[in-house]
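Structure, as C-alpha cells:
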Amino acid sequence: MMRDELSAMVLSAARAAMDAGVLPHVVLPEVIIERPARPEHGDYATSLPLRLARAARANPIEIAKAIAERLPASDAVAAADVAAPGFINFRLAEAWIAAQVDAIIAAGDAFGDLALGGGARVQVEFVSANPTGPLTAGNGRGAAIGDVLASVLQAAGYDVEREYLVNDAGTQTEVFGRTLLARYQQLFERDVQIPEDGYPGEYMIDVARRLKDECGDAYVDAAVDAPPPEFVVRGVDLMVEAIGSDMERLGVHYDAWFRERSLYTAGEAGGAPYDEAMAVLRQRGSLVEKEGALWFASSELGEDKDNVVVRSTGRPTYFASDIAYHYDKFVRRGFERVIDVWGADHQGHVSRMKAAVEAVGVDPSRLEIIIYQLVSFRRGDELVRLSKRAGNIVLMRDVVEEVGADAARFFFLARSADSQMEFDLDLAKKQAADNPVYYVQYAHARIAGILANAQERGLPAEGGDVALLTHPLELELVRRMLQLPELVQMMAQTLEPHHLPHYAQDLATAFHAFYTECRVLDADHPPLSAARLKLCAAARLTLARALTLMGVAAPGRM
RNA sequence: GCCCCCGUAGCUCAGUGGAUAGAGCGCCAGCCUCCGGAGCUGGAAGCACAGGUUCGAGUCCUGUCGGGGGUACCA
C-alpha cells in the first residue's frame, strides 16, 4: 500500500537526516501519512516536521526540507513539496496511478485484501438476542455491524468466525417456557393464563401450534409453572429457526450458534466450561459469599460494585453464563481476539465483563466490545420505541421486507455505532429510488452494461494501454479505487464499518463524473477506448468489492 | 446522584489533532443530435455554549446546557 511505503520512505529520510547531522537525534514518533483535504496539497501528506520541531529545536520548514531532500526515489512519487507551516506534500506520478488499473484487474476479487491479520483467529459475536421472540428492527443494526465487521476483518487477513449466542438457560427462557405452555394448553381449551411477566406476542401462539402439531396433547396436563424441559427446548429451537431465517433474509450467515446450556455440561473438551471458569475465579479469590449469594469481587478490581454470579437460590446469573462463555471462547477455543457487538442497553455490562475476562487470566485487551446506540424508528411523524413487551414493535423481517435487504444493510451501516440513528420506514420505502444504495448499485450496473455493450460491439479491453489514461477524471477515479485497501486497513483497526457506505458513494460519484465527461466506447479511437474499458473493468471490480464487503448485491443490471 | 454515547447545513448523518468542515435528501439555477438521465454541473445554508491543552481543536481535557442508554440475586 502506497501509504505504508510513504511512511517507510519518510522514516528512512528522517534517519538519514539525523545521521548526516542535519537533524539532532531524537525519538521519531509514528510517521502518520494523511490524506489532505485539498487537491493542491497533493495525494498524501505528513506533518512529521511539525511534530519534530520541538524535540529537534528546529524550524519545521527546515526539518521538512531536510527530510524531503533525502527521500528515496520512487516511481510512484512525482513530487514531495515542503509547505508551510511544516508539511511535506506528496504528489503521485500520474503514470503510476494509471498503471494501477492493471494492478487492480490483476488482483481481481482479491483487490482490497490485506495480510494485516496474519491469519489470527477472531470471533465476532453479534445480535445474540434472547430466543424468546422474533428479531426486532433494532437487532438489524447489530446484525449489519457485526456481519460487515467480520467481512472486513476477513479481508484484512484474519480467520474470522461469526457466532450467535443462544440464551437458552436463563430466567427469560423459563418465562418463555411458561408462556409457551400456557398458549399450548389454551389450544386445548384449557382455562390457563399466560404469566403476568410473560410474552404476550401473537407469535407465541404460532409456536404453540407447531408444538401441538408435533406432539399432540402430550403436555396438556403439565403443570403451567413447571414446563417439561424438552417442551421448552423444542420451543427454543423453533424460535432459533425463526431467528435464523430472519438473518438469512438480511443476508447474514453464522458459522456457529452457541448454546448457553452447553456451558453447564461436560463434553469432549473436558468439564463444563461453567465449572472450570468458576474454579479459576475461586482459586484466584475473585468470588466472595455474602447475603446468601456468590459474588464476583469486581470492586477489588476497580469496578463500582460487586456482581452476583450465583443467586441465593443457587442459580447462576446471566453474568455467570457470560463469564463461562468468554472463558470458553478464549481458553477452550483459543480465539486470539473476540469482538462482541452489543446494544447500548448492555453498556453497563462492558467493564465488568472485561474485569471478569482478566480475572480468568486472559488479557482483557483481547476482548473488544462494540456498543452501538439504539435505533429509533419512525413512520412518518410517529416515533416508535422498540420493546419486546410493546405492541407497536417493528420486526427486523418487516423492515427487510419493506425496504429490501440491500437498503436495510446500507442504512444500518452508514452511521457510526456511537451515534443514535433514526430510521424512517416510510421514507426508506417511498423514496426507494433515491436511496444512496441504488445510486451505488446503479453505478455498478451501468459499468456492467458498458462492458457488455463493448463485447457486443466487438470493442475489446484486452491490450488496452492504461498509460493513455491521463484525463483528470480518469485519474481521480483510479485514486478513489486505490483508497479501498487503506479503508479496509482503517476499518479493521478501528472496528468501524460505517465508512464503507460512504466510500462506495464516493467511488460511484467518481465513476459517474468520469463517465459523463469521457466517452468510453469509441470506434474512432480504439486504443483509448480499450484503455477506458480497462478503467471501467477495474472500477467495476472495486465497486463490487465494496458492495460485497457490505453484503449488498452488485447487480449487473437493474 | 454516578457511569457510557451523542449534540456539525432546514432534515438524516460523515469528518484517522492539521492547511479554505463534506455527503444524501430538501430548496434554487442549469445540462439529453452521443456508450444506461436511477446521471452530471453550479448555488444558498452549519461545528450547542464557556474555559483549557497544542505550532494547530469539529476532533483531546474540564465545566454548563440539551437528547439517549445504563445503574437488578432481568438479559
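Following the order of the C-alpha cells, chains are lettered A, B, ..., residues in each are numbered from 1, and ligands are numbered from 1.
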
>> I need the contact residues of chain B against chain A, so if you could list those with any atom within 9 Å, counting only C-alpha atoms (C1' of nucleotides), and return them as an MDAnalysis selection string, that would help.
In response: chainID B and resid 3:6 12:14 16 18:20 23:25 34:36 38:40 55 68:71 73:75

> If you run DSSP on this backbone, which residues of region 254-297 of chain A come out as alpha helix (DSSP H), and could you give them as number ranges by chain?
Replying inline: A: 273-283

> So which residues touch Ile370 (chain A) within 7 Å, counting only C-alpha atoms (C1' of nucleotides), skipping near sequence neighbours fewer than 6 positions away, as a PyMOL selection string?
Replying inline: chain A and resi 340-342

If you keep C-alpha atoms, can you produce a file of those selected residues as a tab-separated table (two decimals), in the first residue's frame?
chain	number	residue	atom	x	y	z
A	340	ASP	CA	-18.73	-8.64	20.94
A	341	VAL	CA	-21.30	-6.38	19.34
A	342	TRP	CA	-23.83	-5.21	21.91

> Could you name the residues that touch Asp168 (chain A) at 10 Å or less, counting only C-alpha atoms (C1' of nucleotides), but leaving out those on the same chain fewer than 5 positions away, as an NGL selection string?
Replying inline: :A and (130-132 or 173-174 or 176 or 232-233 or 236-237 or 240 or 258-262)

Which neighbours of region 143-150 of chain A fall inside 6 Å, counting only C-alpha atoms (C1' of nucleotides), when residues of the same chain fewer than 5 positions from it are skipped, and could you give them as a PDB file with all heavy atoms, in the first residue's frame?
ATOM      1  N   PHE A 126     -22.391 -11.418  17.482  1.00  0.00           N
ATOM      2  CA  PHE A 126     -23.301 -10.282  17.369  1.00  0.00           C
ATOM      3  C   PHE A 126     -24.764 -10.703  17.390  1.00  0.00           C
ATOM      4  O   PHE A 126     -25.091 -11.854  17.148  1.00  0.00           O
ATOM      5  CB  PHE A 126     -22.988  -9.454  16.123  1.00  0.00           C
ATOM      6  CG  PHE A 126     -22.982 -10.236  14.822  1.00  0.00           C
ATOM      7  CD1 PHE A 126     -24.053 -10.160  13.949  1.00  0.00           C
ATOM      8  CD2 PHE A 126     -21.885 -11.011  14.479  1.00  0.00           C
ATOM      9  CE1 PHE A 126     -24.044 -10.849  12.745  1.00  0.00           C
ATOM     10  CE2 PHE A 126     -21.869 -11.719  13.272  1.00  0.00           C
ATOM     11  CZ  PHE A 126     -22.947 -11.633  12.408  1.00  0.00           C
ATOM     12  N   VAL A 127     -25.587  -9.756  17.748  1.00  0.00           N
ATOM     13  CA  VAL A 127     -27.027  -9.883  17.950  1.00  0.00           C
ATOM     14  C   VAL A 127     -27.311 -10.725  19.198  1.00  0.00           C
ATOM     15  O   VAL A 127     -27.587 -10.158  20.254  1.00  0.00           O
ATOM     16  CB  VAL A 127     -27.768 -10.421  16.728  1.00  0.00           C
ATOM     17  CG1 VAL A 127     -29.274 -10.447  17.010  1.00  0.00           C
ATOM     18  CG2 VAL A 127     -27.507  -9.558  15.498  1.00  0.00           C
ATOM     19  N   ARG A 409     -29.389  -2.982   5.021  1.00  0.00           N
ATOM     20  CA  ARG A 409     -27.986  -3.112   5.443  1.00  0.00           C
ATOM     21  C   ARG A 409     -27.229  -1.812   5.239  1.00  0.00           C
ATOM     22  O   ARG A 409     -26.473  -1.368   6.091  1.00  0.00           O
ATOM     23  CB  ARG A 409     -27.302  -4.226   4.642  1.00  0.00           C
ATOM     24  CG  ARG A 409     -27.802  -5.604   4.943  1.00  0.00           C
ATOM     25  CD  ARG A 409     -27.061  -6.641   4.124  1.00  0.00           C
ATOM     26  NE  ARG A 409     -25.713  -6.806   4.623  1.00  0.00           N
ATOM     27  CZ  ARG A 409     -25.266  -7.935   5.196  1.00  0.00           C
ATOM     28  NH1 ARG A 409     -26.046  -8.973   5.295  1.00  0.00           N
ATOM     29  NH2 ARG A 409     -24.039  -7.995   5.641  1.00  0.00           N
ATOM     30  N   PRO A 497     -17.108  -0.144  10.693  1.00  0.00           N
ATOM     31  CA  PRO A 497     -17.502  -0.454   9.317  1.00  0.00           C
ATOM     32  C   PRO A 497     -18.348   0.631   8.647  1.00  0.00           C
ATOM     33  O   PRO A 497     -18.641   0.529   7.467  1.00  0.00           O
ATOM     34  CB  PRO A 497     -18.318  -1.746   9.470  1.00  0.00           C
ATOM     35  CG  PRO A 497     -18.846  -1.708  10.857  1.00  0.00           C
ATOM     36  CD  PRO A 497     -17.817  -0.970  11.677  1.00  0.00           C
ATOM     37  N   MET A 550     -20.051  -5.116   2.164  1.00  0.00           N
ATOM     38  CA  MET A 550     -21.228  -4.675   2.913  1.00  0.00           C
ATOM     39  C   MET A 550     -22.331  -5.715   2.899  1.00  0.00           C
ATOM     40  O   MET A 550     -23.340  -5.571   3.570  1.00  0.00           O
ATOM     41  CB  MET A 550     -21.766  -3.370   2.326  1.00  0.00           C
ATOM     42  CG  MET A 550     -20.890  -2.173   2.596  1.00  0.00           C
ATOM     43  SD  MET A 550     -21.696  -0.632   2.122  1.00  0.00           S
ATOM     44  CE  MET A 550     -21.477  -0.622   0.353  1.00  0.00           C
TER      45      MET A 550
END

>> Between CA of Gln123 (chain A) and CA of Phe330 (chain A), what distance in Å does the model show, to one decimal?
In response: 9.7 Å

> Tell me, which residues of region 254-441 of chain A carry DSSP strand (DSSP E), written as an MDAnalysis selection string?
Replying inline: chainID A and resid 256:259 287:290 293:296 307:310 337:343 367:372 375:379 382:384 421:424

> Which polymer residues have any atom within 10 Å of an atom of Asp109 (chain A), counting only C-alpha atoms (C1' of nucleotides), with same-chain residues fewer than 6 positions away left out, as a list in words?
Replying inline: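 Residues meeting the cut-off are Leu541, Thr542, Ala544, Arg545 and Thr548 of chain A.
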
>> Applying 8 Å and only C-alpha atoms (C1' of nucleotides), which residues near Gly138 (chain A) remain after dropping the ones on its own chain fewer than 2 positions away? List them as a VMD selection string.
In response: chain A and resid 135 to 136 140 to 142 374 to 376 386 396

>> Calculated over only C-alpha atoms, which of the candidates A:Leu23, A:Ala17, A:Val10, A:Leu211 has the smallest distance to Arg57 (chain A)?
In response: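 Comparing A:Leu23, A:Ala17, A:Val10, A:Leu211 against Arg57 (chain A), the winner is A:Leu23.
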
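The smallest atom-to-atom distance between Leu114 (chain A) and any of A:Val488, A:Trp257, A:Pro29, A:Leu263, using only C-alpha atoms, is found for A:Val488.
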
> Can you tell me how far CA of Tyr264 (chain A) sits from CA of Ser321 (chain A), in Å to one decimal?
Replying inline: 8.7 Å
